[in-house]
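Report on one structure; see the data block that follows.
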Amino acid sequence: MIRSMNGKNPRLQIYDLRNYRKIPQIDRLPDDLKFEMEVVARVLPFRTNSHVVENLIQWENIPDDPMFQLTFPQREMLSPDHFDEVAALVEKGAGEAEMARTVNRIRWDLNPQPAGQLEHNVPREDDEKLDGMQHKYRETVLFFPSQGQTCHAYCTFCFRWPQFVGIDELKFASREVESLIRYLEDNPQVTDVLFTGGDPMVMRAKNLSVYIDALLKADLPNLHTIRIGTKSLAYWPYKYLTDPDADDVLALFERITRAGKHLAIMAHCSHPAELQPDVVSKAVGRIRGTGATVYTQSPILRNINDDPDTWAAMWRRQVDLGMVPYYMFLVRDTGVQHFFAVPMVRAWEIFQNAYQQVSGICRTVRGPSMSAHPGKVHVMGISEIHGEKIIALRFLQGRNPDWVLRPFFARYDEEAIWLDDLEPAFGEEAFFFEKELAQLCEEDLPSGQWDEMESLVLEGVEF
Ligand SMILES: *Cc1c(COP(=O)(O)O)cnc(C)c1O
Ligand code: SF4
């Protein structure tokens with residue numbers, strides 16, 4: 001039984017480029033800082049909200065405050081050239097058309113997605129592309145419900161932003177879910193569906209239930225786990241407490257677990273500050289009361305959480321709240337992310353140091369790992385073999401499942417950020433999977449073109 005919460009019912013107040021100067025704490029900032037934010041926010045989507053502003057940011061500590069860094073634009077997110085170009089337009093009060101032309105060109109420059117690559121993961125049936133789905137690893141299908149392609153606030157590091165700056169094609173939920181169900185029926189190896197976005201938990205319970213109840217009604221024996229990737233516990237925990245549909249959300253969660261399916265809330269959690277407010281612990285308590293398990297994951301980000309004590313504190317707090325630490329991810333060095341990327345050797349050192357500080361109960365977490373083209377690659381550690389310093393790696397997920405857990409070794413490189421920065425160790429020509437990967441991709445590659453919608457499906461960022 002879901003007991004209603006009484007008391008205050010805060011309303012989500014969104015702040016973006018149009019109204020952010022109304023935030024009292026912003027109004028007090030120096031004009032040049034406001035100008036810089038405004039310039040960057042012309043290019044990169046900017047959105048924050050009343051909960052983040054009032055409860056998560058320590059304003060006496062800005063601009064260094066990690067939650068400020070996580071949601072407010074910073075000058076260095078743009079290259080100096082791009083910054084100056086947009087700044088000049090803002091200063092001269094350029095018209096909308098001129099601004100849009102420049103901004104779109106810069107966005108295009110920043111788009112980290114090499115054309116064609118995404119085709120590999122979009123499933124097809126009868127040679128028809130199934131939009132709104134991504135299927136890369138055998139067990140798990142990613143599903144992007146069309147009304148879930150936004151978030152309660154935007155993370156500055158996120159490169160899903162192409163989908164926030166204009167979705168041209170909204171489709172009917174019922175049609176999308178029909179093709180998902182058909183796909184699951186035809187692919188009995190799939191056990192997990194991961195609802196992702198944006199943030200599916202921006203949807204009203206009524207809309208989310210269109211998808212979920214249809215899935216439950218289809219009674220698919222192969223479907224074991226429904227996962228929902230969400231940042232709502234950090235950015236809007238009232239979704240589970242006092243929003244008008246809070247009780248309906250929880251009732252929906254309960255229908256999933258009553259149907260005998262595992263409900264995994266994949267909470268995106270980047271800093272312990274997100275978990276501090278009392279409302280978060282209440283929200284997690286209510287979610288767990290439905291029989292769901294809350295798992296946590298985050299990228300490691302420069303200026304936000306690139307320090308071991310932060311991770312150790314975060315995992316401990318998660319365990320206090322009954323959450324299960326799940327993944328630490330690396331971010332790629334492209335587009336805006338150059339600002340946030342932490343080299344993998346450094347990330348591993350931070351991970352190892354944090355891991356040492358916590359008990360085995362927190363050590364359910366895996367990482368650091370990167371969602372690279374061939375698979376999810378785990379940086380296992382630094383070592384030395386026969387006098388050669390190396391980085392040991394392995395796949396946690398692979399385009400070919402047979403690659404999973406096979407250790408492989410790269411030459412030690414303190415600067416390397418991503419898998420393709422690495423060279424094989426011991427004078428080898430190539431990593432063990434490379435030849436096969438090339439073959440797999442050739443076979444996969446459909447004749448087709450890729451269109452902009454496909455930039456919805458991004459590799460290298462995790463949610
Ligand atoms: C990480 C990931 C998954 C899920 O992997 P798990 O290890 O099962 O959590 C599924 N699909 C894609 C594309 C992923 O990146
Ligand atoms: S990381 Fe998640 S919550 Fe943050 S902007 Fe990207 S999709 Fe939204």
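Ordering of the structure tokens sets the chain letters (A, B, ...), residue numbers begin anew at 1 in every chain, and ligands are numbered from 1 in the order given.
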
DSSP helix (DSSP H, G or I) residues within stretch 132-226 of chain A, listed as an MDAnalysis selection string: chainID A and resid 146:148 161:163 173:186 200:202 205:218

Give me the residues within 12 Å of stretch 10-23 of chain A as a VMD selection string, counting only C-alpha atoms and dropping any in the same chain fewer than 6 places off. chain A and resid 29 to 31 33 to 54 59 71 to 73 151 to 154 202 232 235 to 239 241 to 244 279

Serialized selection, N, CA and C atoms, as a tab-separated table (two decimals), in the first residue's frame:
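Final output, saved to part_12.tsv:
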```tsv
chain	number	residue	atom	x	y	z
A	29	LEU	N	25.72	38.10	-8.78
A	29	LEU	CA	27.04	37.79	-9.36
A	29	LEU	C	27.55	38.96	-10.19
A	30	PRO	N	28.88	39.04	-10.36
A	30	PRO	CA	29.43	40.10	-11.21
A	30	PRO	C	28.91	40.00	-12.64
A	31	ASP	N	28.77	41.15	-13.29
A	31	ASP	CA	28.19	41.18	-14.64
A	31	ASP	C	28.97	40.36	-15.65
A	33	LEU	N	30.62	37.64	-15.26
A	33	LEU	CA	30.33	36.22	-15.09
A	33	LEU	C	28.96	35.87	-15.69
A	34	LYS	N	28.01	36.75	-15.46
A	34	LYS	CA	26.68	36.53	-16.04
A	34	LYS	C	26.74	36.56	-17.56
A	35	PHE	N	27.54	37.47	-18.08
A	35	PHE	CA	27.68	37.57	-19.53
A	35	PHE	C	28.28	36.28	-20.09
A	36	GLU	N	29.31	35.77	-19.42
A	36	GLU	CA	29.94	34.52	-19.89
A	36	GLU	C	28.93	33.37	-19.90
A	37	MET	N	28.15	33.29	-18.84
A	37	MET	CA	27.17	32.20	-18.78
A	37	MET	C	26.18	32.32	-19.92
A	38	GLU	N	25.81	33.56	-20.18
A	38	GLU	CA	24.83	33.79	-21.22
A	38	GLU	C	25.36	33.42	-22.60
A	39	VAL	N	26.63	33.72	-22.83
A	39	VAL	CA	27.24	33.37	-24.12
A	39	VAL	C	27.26	31.85	-24.29
A	40	VAL	N	27.72	31.16	-23.27
A	40	VAL	CA	27.83	29.70	-23.37
A	40	VAL	C	26.44	29.07	-23.53
A	41	ALA	N	25.48	29.64	-22.79
A	41	ALA	CA	24.12	29.07	-22.84
A	41	ALA	C	23.42	29.30	-24.18
A	42	ARG	N	23.98	30.16	-25.02
A	42	ARG	CA	23.43	30.27	-26.38
A	42	ARG	C	23.70	29.00	-27.16
A	43	VAL	N	24.82	28.35	-26.85
A	43	VAL	CA	25.25	27.19	-27.63
A	43	VAL	C	24.83	25.88	-26.95
A	44	LEU	N	25.10	25.79	-25.67
A	44	LEU	CA	24.85	24.53	-24.96
A	44	LEU	C	23.56	24.66	-24.18
A	45	PRO	N	22.76	23.63	-24.19
A	45	PRO	CA	21.49	23.74	-23.49
A	45	PRO	C	21.73	23.97	-22.00
A	46	PHE	N	20.99	24.89	-21.45
A	46	PHE	CA	21.15	25.24	-20.04
A	46	PHE	C	19.79	25.17	-19.38
A	47	ARG	N	19.73	24.41	-18.33
A	47	ARG	CA	18.49	24.34	-17.57
A	47	ARG	C	18.82	23.91	-16.15
A	48	THR	N	18.33	24.67	-15.20
A	48	THR	CA	18.46	24.23	-13.82
A	48	THR	C	17.10	24.47	-13.16
A	49	ASN	N	16.99	24.22	-11.87
A	49	ASN	CA	15.67	24.38	-11.26
A	49	ASN	C	15.76	24.77	-9.79
A	50	SER	N	14.61	25.02	-9.23
A	50	SER	CA	14.53	25.56	-7.86
A	50	SER	C	15.16	24.62	-6.83
A	51	HIS	N	15.02	23.32	-6.99
A	51	HIS	CA	15.61	22.40	-6.02
A	51	HIS	C	17.14	22.47	-6.06
A	52	VAL	N	17.69	22.47	-7.26
A	52	VAL	CA	19.15	22.55	-7.41
A	52	VAL	C	19.65	23.87	-6.83
A	53	VAL	N	18.99	24.94	-7.17
A	53	VAL	CA	19.43	26.27	-6.74
A	53	VAL	C	19.28	26.45	-5.22
A	54	GLU	N	18.18	25.98	-4.67
A	54	GLU	CA	17.92	26.25	-3.25
A	54	GLU	C	18.55	25.21	-2.32
A	59	TRP	N	26.10	28.44	-2.32
A	59	TRP	CA	26.37	29.66	-3.09
A	59	TRP	C	27.61	30.41	-2.61
A	71	THR	N	25.57	22.18	-13.26
A	71	THR	CA	24.38	22.65	-13.99
A	71	THR	C	24.50	24.03	-14.62
A	72	PHE	N	25.51	24.82	-14.24
A	72	PHE	CA	25.62	26.17	-14.84
A	72	PHE	C	26.73	26.21	-15.88
A	73	PRO	N	26.49	26.95	-16.97
A	73	PRO	CA	27.50	27.03	-18.01
A	73	PRO	C	28.77	27.73	-17.53
A	151	CYS	N	15.12	16.68	-19.28
A	151	CYS	CA	15.48	16.37	-17.89
A	151	CYS	C	15.01	17.50	-16.98
A	152	HIS	N	14.96	17.24	-15.69
A	152	HIS	CA	14.54	18.27	-14.73
A	152	HIS	C	15.56	19.40	-14.65
A	153	ALA	N	16.80	19.10	-14.97
A	153	ALA	CA	17.86	20.10	-15.12
A	153	ALA	C	18.84	19.44	-16.08
A	154	TYR	N	19.73	20.23	-16.68
A	154	TYR	CA	20.70	19.63	-17.59
A	154	TYR	C	22.08	19.63	-16.98
A	202	VAL	N	10.82	12.40	-16.15
A	202	VAL	CA	10.14	13.68	-16.34
A	202	VAL	C	8.71	13.43	-16.79
A	232	SER	N	16.36	11.93	-11.49
A	232	SER	CA	15.32	12.63	-10.72
A	232	SER	C	15.57	12.65	-9.22
A	235	TYR	N	17.76	15.70	-9.00
A	235	TYR	CA	17.26	16.98	-9.51
A	235	TYR	C	15.81	17.27	-9.14
A	236	TRP	N	15.03	16.23	-8.84
A	236	TRP	CA	13.63	16.49	-8.48
A	236	TRP	C	13.04	15.31	-7.68
A	237	PRO	N	13.50	15.12	-6.45
A	237	PRO	CA	13.03	13.98	-5.66
A	237	PRO	C	11.53	14.04	-5.33
A	238	TYR	N	10.95	15.24	-5.47
A	238	TYR	CA	9.51	15.39	-5.19
A	238	TYR	C	8.66	14.58	-6.14
A	239	LYS	N	9.26	14.12	-7.22
A	239	LYS	CA	8.55	13.24	-8.14
A	239	LYS	C	7.96	12.03	-7.40
A	241	LEU	N	7.39	12.10	-3.99
A	241	LEU	CA	6.92	12.53	-2.68
A	241	LEU	C	5.63	13.34	-2.78
A	242	THR	N	5.73	14.51	-3.39
A	242	THR	CA	4.62	15.46	-3.30
A	242	THR	C	4.08	15.92	-4.65
A	243	ASP	N	4.68	15.51	-5.75
A	243	ASP	CA	4.10	15.87	-7.05
A	243	ASP	C	2.70	15.28	-7.13
A	244	PRO	N	1.84	15.92	-7.92
A	244	PRO	CA	0.46	15.41	-8.00
A	244	PRO	C	0.39	13.93	-8.41
A	279	VAL	N	14.71	15.06	1.78
A	279	VAL	CA	13.70	14.59	0.84
A	279	VAL	C	14.22	13.44	-0.02
```

I'd like the contact shell of A:Arg346 - 10 Å cut-off, only C-alpha atoms, skipping same-chain residues fewer than 3 positions apart - returned as a list in words.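 Using only C-alpha atoms, the neighbours found are Asp306, Asp307, Val342, Pro343, Glu349, Ile350, Phe351, Gln352, Glu414, Glu415, Ala416 and Ile417 of chain A.
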
Can you pull out every residue with an atom within 10 Å of ligand 1? Use only C-alpha atoms and all ligand atoms and format it as a ChimeraX atom specification. /A:121,134-143,191-194,227,266,295,297,326-327,329,366,369-373,375-377,395-399,457-463

Quick one: residues within 7 Å of ligand 2, with only C-alpha atoms and all ligand atoms, as a PyMOL selection string? chain A and resi 150-151+153-156+158-160+197-199+230-231+268+463

Write a file of the just-selected residues containing C-alpha atoms, as a CSV table (one decimal), in the first residue's frame.
```
chain,number,residue,atom,x,y,z
A,150,THR,CA,14.4,16.1,-21.5
A,151,CYS,CA,15.5,16.4,-17.9
A,153,ALA,CA,17.9,20.1,-15.1
A,154,TYR,CA,20.7,19.6,-17.6
A,155,CYS,CA,24.2,18.4,-16.7
A,156,THR,CA,26.8,20.6,-18.3
A,158,CYS,CA,26.2,15.7,-21.0
A,159,PHE,CA,26.5,15.3,-24.7
A,160,ARG,CA,23.0,14.1,-25.2
A,197,GLY,CA,16.4,9.5,-22.3
A,198,GLY,CA,16.9,12.4,-21.3
A,199,ASP,CA,15.1,11.3,-18.2
A,230,THR,CA,17.0,8.7,-14.1
A,231,LYS,CA,18.6,11.7,-12.5
A,268,HIS,CA,22.4,9.0,-11.8
A,463,PHE,CA,23.0,7.2,-17.9
```

Interatomic distance, atom CA of A:Gly367 to atom CA of A:Arg394 (Å, one decimal):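 Interatomic distance, atom CA of A:Gly367 to atom CA of A:Arg394: 10.7 Å.
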
Which residue gives the smallest distance to A:Thr310 among A:Asn187, A:Pro66, A:Leu393, A:Glu98, with only C-alpha atoms counted?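 Using only C-alpha atoms, A:Thr310 sits closest to A:Pro66.
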
Set the distance at 8 Å and use only C-alpha atoms: which residues neighbour A:Phe144 once local chain neighbours fewer than 3 positions away are removed? I'd like the list as a count of residues only. 8
